[in-house]
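Peer 1: This is the structure I have questions about; it appears just below.
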Amino acid sequence: MKSEELIIKNCQSSVMKRAIFPGTFDPFTIGHYSVVKRALTFMDEIIIGIGINDKKKTWFPTEKRVEMIRKLYADEPRIKVEAYDNLTVDFAREREAGFIIRGIRTVHDFEYEETIADINRKLAGVETILLFTEPELTSISSTIVRELLQYGKDVSDFLPEGMEVE
């Protein structure tokens, strides 16, 4: 099946619409939470995929990030949380997800995501849906939250309600 046929099938199918929301999520911020909340309005299921990238220095171990996000969504059956260590498009295919959800904060994010989305569509017929960050959340990033943690600052304003970092 050609990638164009897969895209049409993904968008028009009456079967479950499953997406992955990939990222490092170190930590999972209110910006990430907002993207998931909004994506749930048009997706039946979202798999939050925590990518394992040995080249990235993380604050929280992978298992801890999985645990924190699962706990956050414990009462939402349409959300699953998994770690993966392969290409995102391969993870999407393995989970039979026809869509990848990405949050966009800046023009730079858009340009990067556009390139990756084109490749994913060509490789596997997986469509990428870009959700623009709510204006009041554009300055929040996991990188900034990690830096604040490093200096012992309270980051609770930047994390979803109920998420605790230890």
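Every chain in the structure tokens takes a letter, A first, then B, and so on in the order presented; its residues are numbered from 1, and the ligands are numbered from 1 following the presented order.
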When you look at range 41-53 of chain A with a cut-off of 10 Å (counting only C-alpha atoms), what residues show up, excluding the ones that are within fewer than 3 positions of it in the same chain? I need them as a ChimeraX atom specification.

Peer 2: /A:15-26,36-38,56-58,61-63,65-66,69-70,76-88,91-92,95,97,99-101

Peer 1: Could you write out that same residue set with C-alpha atoms as a CSV table (one decimal), in the first residue's frame?

Peer 2:
chain,number,residue,atom,x,y,z
A,15,VAL,CA,-11.8,2.3,13.5
A,16,MET,CA,-10.0,3.6,16.6
A,17,LYS,CA,-7.9,6.6,16.0
A,18,ARG,CA,-4.7,6.0,17.9
A,19,ALA,CA,-1.8,8.4,18.1
A,20,ILE,CA,1.5,8.4,19.8
A,21,PHE,CA,2.8,11.5,21.6
A,22,PRO,CA,6.6,11.0,21.6
A,23,GLY,CA,9.2,12.9,23.6
A,24,THR,CA,11.8,12.7,26.4
A,25,PHE,CA,9.4,14.3,28.9
A,26,ASP,CA,12.2,15.0,31.4
A,36,VAL,CA,-2.5,15.6,25.4
A,37,LYS,CA,-5.7,17.1,26.7
A,38,ARG,CA,-6.4,18.8,23.4
A,56,LYS,CA,20.7,12.9,26.0
A,57,LYS,CA,21.5,13.6,29.6
A,58,THR,CA,18.3,13.3,31.6
A,61,PRO,CA,15.6,7.9,34.8
A,62,THR,CA,13.3,6.5,32.2
A,63,GLU,CA,11.4,4.3,34.6
A,65,ARG,CA,9.3,9.3,34.0
A,66,VAL,CA,7.1,6.4,32.9
A,69,ILE,CA,3.1,10.1,33.8
A,70,ARG,CA,1.2,6.9,34.4
A,76,GLU,CA,-7.8,8.1,32.0
A,77,PRO,CA,-8.2,4.8,30.2
A,78,ARG,CA,-7.5,6.3,26.8
A,79,ILE,CA,-3.9,7.2,27.8
A,80,LYS,CA,-1.1,4.6,27.8
A,81,VAL,CA,2.5,5.3,28.7
A,82,GLU,CA,5.4,3.4,27.3
A,83,ALA,CA,9.2,3.8,26.8
A,84,TYR,CA,10.7,2.9,23.5
A,85,ASP,CA,14.3,2.8,22.0
A,86,ASN,CA,13.8,2.7,18.3
A,87,LEU,CA,12.7,5.2,15.6
A,88,THR,CA,9.5,7.0,16.5
A,91,PHE,CA,7.2,2.7,17.5
A,92,ALA,CA,4.1,4.2,15.9
A,95,ARG,CA,1.6,0.2,18.2
A,97,ALA,CA,-0.9,4.2,15.6
A,99,PHE,CA,-0.8,9.5,13.9
A,100,ILE,CA,2.0,11.2,15.7
A,101,ILE,CA,1.0,14.2,17.9

Peer 1: Just the residues within 9 Å of Gly162 in chain A, please, counting only C-alpha atoms, with nothing from its chain fewer than 3 positions along; format it as a list in words.

Peer 2: Lys71, Leu72 and Leu159 of chain A

Peer 1: What does the distance from CA of Pro27 in chain A to CA of Ser142 in chain A come to in Å, to one decimal?

Peer 2: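 Distance reported for this atom pair: 5.6 Å.
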